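J.: So that we are looking at the same thing, I have put the structure below in structure tokens.
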Protein chains: 2
Amino acid sequence: MNERSQKSRCANCAIRHRAICGALSNEEIQSLSRIAHSRTLSPGETLMSDAEPTEYFANVISGVVKLLKTSADGRQQILGLLFPTDFLGRAYSAENPYFAEAATDVEICCFPHQAFEKLLADHPGLERRLFERTLSELDAAREWLFVLGRASAEEKVASFLNMMARRAPNLDYTEDNAEAPAHFLLPLTRPDIADFLGLTNETVSRQFSKLNKRGIIRLVTSREVVVPHLPRLAETAGQTELEFA
Amino acid sequence: MNERSQKSRCANCAIRHRAICGALSNEEIQSLSRIAHSRTLSPGETLMSDAEPTEYFANVISGVVKLLKTSADGRQQILGLLFPTDFLGRAYSAENPYFAEAATDVEICCFPHQAFEKLLADHPGLERRLFERTLSELDAAREWLFVLGRASAEEKVASFLNMMARRAPNLDYTEDNAEAPAHFLLPLTRPDIADFLGLTNETVSRQFSKLNKRGIIRLVTSREVVVPHLPRLAETAGQTELEFA
DNA sequence: CGAATTGTTGAATATTCTCAACAGAGGTGG
DNA sequence: CCACCTCTGTTGAGAATATTCAACAATTCG
């Protein structure tokens with residue numbers, strides 16, 4: 001738990017204009033500051049559990065959060081990844097249908113449940129923005145349904161890398177340099193990637209090696225990736241024009 | 001295209017209180033009647049395409065609708081199924097991220113885009129209800145992520161049958177008779193089921209035969225199923241306490 | 001520096017897919 | 001009304017793909 005200075009916290013927030021808070025005016029941001037507090041977590045720490053209700057909503061400020069579901073016999077599936085500006089928790093219900101866990105070092109900005117719902121009620125623009133984000137999450141989940149159901153192991157790993165090349169936080173991806181080399185750090189371990197793609201870590205590792213040998217990616221270290229030519233990676237992923245909202 | 005009598009159409013609607021319209025008062029329903037029209041479709045007909053914007057939102061009144069995504073090389077994945085009371089189309093955007101196709105004979109109730117968005121703006125309860133349905137869709141999509149990523153062919157088919165036992169329209173499933181035999185018609189063909197589960201139709205067919213031999217289901221015809229003991233089917237599906245919103 | 005975690009690779013196995021043949025149901029026209 | 005055709009579903013045999021088990025390398029952390 002790592003509290004920031006109280007006064008202009010939100011106004012100076014790194015994701016001030018990209019998160020849902022972007023729908024709020026500067027005065028409204030002031031009142032938001034009063035109810036918000038930030039928190040830092042280490043990899044593996046639980047942010048949210050389906051066993052107990054959550055007392056807050058949160059925006060991801062930095063790092064990556066895994067949403068996951070585990071079965072009784074230990075199988076695990078990552079249902080989605082949250083990147084900076086993404087939202088964690090659900091309006092109008094404190095129940096959580098799944099787990100959320102920090103994949104990397106994570107910083108989140110928390111709003112108490114009740115106060116946030118009041119804010120929602122007072123600012124229709126905010127609610128609308130939240131709704132649109134939920135639709136994006138739905139689109140993203142459905143994109144992955146196709147990947148999990150119909151892609152080969154190679155296509156799955158390529159799809160994942162393709163998504164990471166766009167979203168990995170330390171890379172400034174823009175449409176302009178779609179053909180330029182991409183260079184980024186993977187926020188997930190091999191077993192995590194496997195849990196995301198519905199594969200085993202061995203299969204993921206083998207596909208990384210194969211893509212590396214074929215020159216579609218270059219593994220600087222096991223976590224550091226260079227993609228010389230993004231369209232070629234996208235092609236390997238099945239060129240299905242994915243959006244990854 | 002099959003227009004109904006204009007006057008009290010909505011008030012007499014079979015799903016009046018279960019669809020999102022249930023949020024509206026009787027007077028409001030009157031004004032809704034004025035902008036709504038119903039349509040019937042045959043199996044295989046397209047309701048919505050990602051190629052062209054849709055001119056309406058719609059509620060499913062009867063039948064089952066497939067949401068699907070097809071890749072360039074012909075692979076197909078069903079992303080979700082819409083049952084009566086479910087909603088088709090997206091607020092605030094006429095673009096569709098995927099296809100919608102009638103799986104059975106289907107009757108839908110259509111609202112022109114603009115008129116419906118006005119209705120949404122005027123009735124916050126309606127918008128809220130729409131938002132909550134979207135959250136349910138998101139939950140359902142994420143449940144299937146687990147099934148597609150981590151379930152065996154047998155578990156996939158059992159999960160599907162388990163879902164059908166609850167939702168197949170001609171079965172009145174209630175929590176009370178969770179242990180009673182279920183009896184229903186499958187709204188999907190074997191290839192459709194395969195596209196839903198990320199399998200081939202041959203594998204689906206083999207798993208049906210196996211479950212039939214083991215007595216977990218009884219195939220009256222290829223489309224008519226009896227489940228003598230639902231908990232046993234749920235157990236075969238992986239007992240993962242699925243909700244299938 | 002040593003232990004523990006993370007990642008890679010190989011060989012054998014299991015599962016699912018592909019290709020192919022055939023059976024049953026449903027619809028159409030002679 | 002039946003013969004025929006098509007579409008849907010079933011089953012088998014062989015092939016492909018991913019998993020399991022296992023050993024080992026590399027990296028990180030204390």
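Chains: A, B, ... in order of the structure tokens. Residues: from 1 per chain. Ligands: from 1, in order shown.
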When you look at region 98-101 of chain A with a cut-off of 7 Å (counting only C-alpha atoms (C1' of nucleotides)), what residues show up, excluding the ones that are within fewer than 6 positions of it in the same chain? I need them as a ChimeraX atom specification.

T.: /A:44-50,65-69

J.: Identify every residue of chain C that has at least one atom within 9 Å of any atom of chain B, counting only C-alpha atoms (C1' of nucleotides), and report the result as a PDB file with C-alpha atoms (C1' of nucleotides), in the first residue's frame.

T.:
```pdb
ATOM      1  C1'  DT C  15      -5.808 -36.813 -28.323  1.00  0.00           C
ATOM      2  C1'  DT C  16      -7.906 -34.839 -32.007  1.00  0.00           C
ATOM      3  C1'  DC C  17      -8.083 -34.238 -37.004  1.00  0.00           C
TER       4       DC C  17
END
```

J.: Choose the residue, out of D:DC5, D:DA18, D:DC24, D:DA13, that has the smallest atom-to-atom separation from chain A; count only C-alpha atoms (C1' of nucleotides).

T.: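 Going through D:DC5, D:DA18, D:DC24, D:DA13 one by one, the smallest distance to chain A is for D:DA18.
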
J.: Find the residues in chain D near chain A: any atom within 12 Å counts, using only C-alpha atoms (C1' of nucleotides). Write them as a ChimeraX atom specification.

T.: /D:16-21,26-27

J.: Export, as a PDB file, in the first residue's frame, the selected residues with C-alpha atoms (C1' of nucleotides).

T.:
```pdb
ATOM      1  C1'  DA D  16      -0.943 -34.825 -37.474  1.00  0.00           C
ATOM      2  C1'  DT D  17      -0.662 -32.071 -33.483  1.00  0.00           C
ATOM      3  C1'  DA D  18      -0.083 -31.121 -28.846  1.00  0.00           C
ATOM      4  C1'  DT D  19       0.775 -33.255 -24.236  1.00  0.00           C
ATOM      5  C1'  DT D  20       3.321 -35.742 -20.811  1.00  0.00           C
ATOM      6  C1'  DC D  21       7.360 -37.056 -18.609  1.00  0.00           C
ATOM      7  C1'  DA D  26      19.759 -20.318 -17.729  1.00  0.00           C
ATOM      8  C1'  DT D  27      18.305 -16.806 -14.727  1.00  0.00           C
TER       9       DT D  27
END
```

J.: Give me the residues within 10 Å of Leu135 (chain B) as a VMD selection string, counting only C-alpha atoms (C1' of nucleotides) and dropping any in the same chain fewer than 2 places off.

T.: (chain A and resid 90 to 91 131 134 to 135 137 to 138) or (chain B and resid 129 to 133 137 to 141 245)

J.: Residues of region 28-218 of chain A classed as strand (DSSP E or B) by DSSP on the backbone are to be reported as number ranges by chain.

T.: A: 37-41, 46-48, 56-62, 65-70, 76-82, 87-88, 99-102, 106-112, 182-185, 218

J.: Based on only C-alpha atoms, which of the residues in chain A come within 7 Å of chain B? I want them as a short mmCIF file (atom, residue, chain, number, x, y, z; two decimals) with all heavy atoms, in the first residue's frame.

T.:
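Final file, part_0.cif:
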```cif
data_model
loop_
_atom_site.label_atom_id
_atom_site.label_comp_id
_atom_site.auth_asym_id
_atom_site.auth_seq_id
_atom_site.Cartn_x
_atom_site.Cartn_y
_atom_site.Cartn_z
N SER A 71 -9.82 -24.38 -12.28
CA SER A 71 -10.77 -25.46 -12.01
C SER A 71 -10.30 -26.26 -10.80
O SER A 71 -9.16 -26.13 -10.35
CB SER A 71 -10.91 -26.37 -13.23
OG SER A 71 -9.71 -27.10 -13.41
N ARG A 75 -6.38 -26.96 -13.42
CA ARG A 75 -6.20 -26.32 -14.72
C ARG A 75 -6.54 -24.85 -14.61
O ARG A 75 -7.44 -24.46 -13.87
CB ARG A 75 -7.11 -26.99 -15.76
CG ARG A 75 -6.57 -28.29 -16.26
CD ARG A 75 -7.54 -28.95 -17.21
NE ARG A 75 -8.72 -29.46 -16.52
CZ ARG A 75 -9.72 -30.10 -17.13
NH1 ARG A 75 -9.68 -30.28 -18.43
NH2 ARG A 75 -10.74 -30.56 -16.44
N GLN A 77 -6.97 -20.99 -16.75
CA GLN A 77 -7.12 -20.28 -18.02
C GLN A 77 -7.15 -18.79 -17.73
O GLN A 77 -7.95 -18.34 -16.90
CB GLN A 77 -8.42 -20.71 -18.72
CG GLN A 77 -8.72 -19.99 -20.02
CD GLN A 77 -7.72 -20.30 -21.12
OE1 GLN A 77 -7.37 -21.45 -21.35
NE2 GLN A 77 -7.24 -19.26 -21.80
N LEU A 79 -8.36 -15.31 -18.67
CA LEU A 79 -9.55 -14.87 -19.42
C LEU A 79 -9.33 -13.53 -20.08
O LEU A 79 -10.05 -13.14 -20.99
CB LEU A 79 -10.74 -14.79 -18.47
CG LEU A 79 -11.02 -16.04 -17.64
CD1 LEU A 79 -12.14 -15.78 -16.65
CD2 LEU A 79 -11.37 -17.21 -18.55
N PHE A 131 -19.50 1.81 -20.05
CA PHE A 131 -20.25 0.88 -20.89
C PHE A 131 -19.47 0.57 -22.17
O PHE A 131 -19.35 -0.59 -22.57
CB PHE A 131 -21.61 1.49 -21.21
CG PHE A 131 -22.49 0.62 -22.06
CD1 PHE A 131 -22.83 -0.66 -21.64
CD2 PHE A 131 -23.00 1.07 -23.27
CE1 PHE A 131 -23.65 -1.47 -22.40
CE2 PHE A 131 -23.81 0.27 -24.05
CZ PHE A 131 -24.13 -1.00 -23.62
N LEU A 138 -15.74 -7.11 -24.19
CA LEU A 138 -16.52 -8.19 -24.80
C LEU A 138 -15.95 -8.55 -26.17
O LEU A 138 -15.77 -9.72 -26.50
CB LEU A 138 -17.98 -7.76 -24.92
CG LEU A 138 -18.96 -8.78 -25.49
CD1 LEU A 138 -18.98 -10.04 -24.65
CD2 LEU A 138 -20.36 -8.18 -25.58
N ALA A 141 -12.72 -10.46 -25.64
CA ALA A 141 -12.97 -11.82 -25.20
C ALA A 141 -13.39 -12.68 -26.38
O ALA A 141 -12.97 -13.84 -26.53
CB ALA A 141 -14.04 -11.85 -24.11
N ARG A 142 -14.22 -12.12 -27.28
CA ARG A 142 -14.71 -12.89 -28.41
C ARG A 142 -13.62 -13.12 -29.44
O ARG A 142 -13.59 -14.16 -30.11
CB ARG A 142 -15.94 -12.20 -29.01
CG ARG A 142 -17.15 -12.43 -28.12
CD ARG A 142 -18.38 -11.76 -28.64
NE ARG A 142 -19.56 -12.27 -27.90
CZ ARG A 142 -20.72 -11.64 -27.81
NH1 ARG A 142 -20.88 -10.48 -28.40
NH2 ARG A 142 -21.71 -12.18 -27.13
N LEU A 145 -11.94 -16.06 -28.22
CA LEU A 145 -12.69 -17.29 -28.45
C LEU A 145 -12.28 -17.90 -29.79
O LEU A 145 -12.08 -19.11 -29.90
CB LEU A 145 -14.19 -17.01 -28.46
CG LEU A 145 -14.86 -16.85 -27.10
CD1 LEU A 145 -16.33 -16.47 -27.27
CD2 LEU A 145 -14.75 -18.13 -26.28
N PHE A 146 -12.14 -17.05 -30.79
CA PHE A 146 -11.72 -17.58 -32.08
C PHE A 146 -10.31 -18.16 -32.01
O PHE A 146 -10.05 -19.26 -32.50
CB PHE A 146 -11.79 -16.49 -33.16
CG PHE A 146 -11.52 -17.02 -34.53
CD1 PHE A 146 -12.56 -17.45 -35.34
CD2 PHE A 146 -10.23 -17.13 -35.01
CE1 PHE A 146 -12.32 -17.98 -36.60
CE2 PHE A 146 -9.98 -17.66 -36.28
CZ PHE A 146 -11.03 -18.09 -37.06
N LEU A 148 -8.65 -19.32 -29.38
CA LEU A 148 -8.60 -20.55 -28.59
C LEU A 148 -9.28 -21.71 -29.31
O LEU A 148 -8.82 -22.86 -29.21
CB LEU A 148 -9.26 -20.34 -27.23
CG LEU A 148 -8.50 -19.44 -26.27
CD1 LEU A 148 -9.17 -19.42 -24.90
CD2 LEU A 148 -7.06 -19.91 -26.11
N GLY A 149 -10.35 -21.42 -30.03
CA GLY A 149 -11.10 -22.49 -30.65
C GLY A 149 -10.52 -22.97 -31.96
O GLY A 149 -10.56 -24.17 -32.26
N ARG A 150 -9.95 -22.08 -32.73
CA ARG A 150 -9.62 -22.43 -34.12
C ARG A 150 -8.17 -22.25 -34.53
O ARG A 150 -7.81 -22.61 -35.65
CB ARG A 150 -10.51 -21.61 -35.06
CG ARG A 150 -11.97 -22.04 -35.05
CD ARG A 150 -12.10 -23.49 -35.42
NE ARG A 150 -13.48 -24.01 -35.39
CZ ARG A 150 -13.76 -25.30 -35.37
NH1 ARG A 150 -12.78 -26.19 -35.32
NH2 ARG A 150 -15.01 -25.72 -35.34
N LEU A 197 -3.20 -19.03 -23.64
CA LEU A 197 -3.45 -19.57 -24.97
C LEU A 197 -4.05 -20.98 -24.95
O LEU A 197 -4.31 -21.55 -26.01
CB LEU A 197 -2.14 -19.59 -25.77
CG LEU A 197 -1.51 -18.22 -26.03
CD1 LEU A 197 -0.16 -18.37 -26.70
CD2 LEU A 197 -2.44 -17.36 -26.87
N GLY A 198 -4.26 -21.54 -23.77
CA GLY A 198 -4.79 -22.89 -23.70
C GLY A 198 -3.80 -23.92 -24.19
O GLY A 198 -4.16 -24.89 -24.86
N THR A 240 -5.96 -12.41 -39.28
CA THR A 240 -7.40 -12.22 -39.13
C THR A 240 -7.79 -10.81 -38.68
O THR A 240 -8.82 -10.64 -38.05
CB THR A 240 -8.01 -13.26 -38.19
OG1 THR A 240 -6.96 -14.10 -37.72
CG2 THR A 240 -9.06 -14.06 -38.89
#
```

J.: May I have the residues within 9 Å of DT11 (chain D) as a PyMOL selection string, using only C-alpha atoms (C1' of nucleotides) and disregarding those fewer than 2 positions away in the same chain?

T.: (chain B and resi 202+206) or (chain C and resi 21-22)

J.: In Å, rounded to a single decimal, give me how far CA of Gly74 (chain B) is from CA of Val204 (chain B).

T.: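 Interatomic distance here is 18.9 Å.
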
J.: I'd like to know which of B:His17, B:Ala11, B:Lys156, B:Ser205 is closest to Arg223 (chain B), using only C-alpha atoms.

T.: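 Closest to Arg223 (chain B), using only C-alpha atoms: B:Ser205.
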
J.: Please determine, counting only C-alpha atoms, which residue among B:Ser62, B:Thr85, B:Ser159, B:Thr236 has the shortest atom-to-atom distance to Glu107 (chain B).

T.: B:Ser62

J.: With only C-alpha atoms as the basis for distance, which of A:Pro53, A:Pro43, A:Pro191, A:Pro112 is at the shortest distance from Glu95 (chain A)?

T.: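 Closest to Glu95 (chain A), using only C-alpha atoms: A:Pro53.
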
J.: Rounded to one decimal place, report the C1' of DA23 (chain D)-C1' of DC1 (chain C) distance in Å.

T.: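 Going from C1' of DA23 (chain D) over to C1' of DC1 (chain C), I get 23.4 Å.
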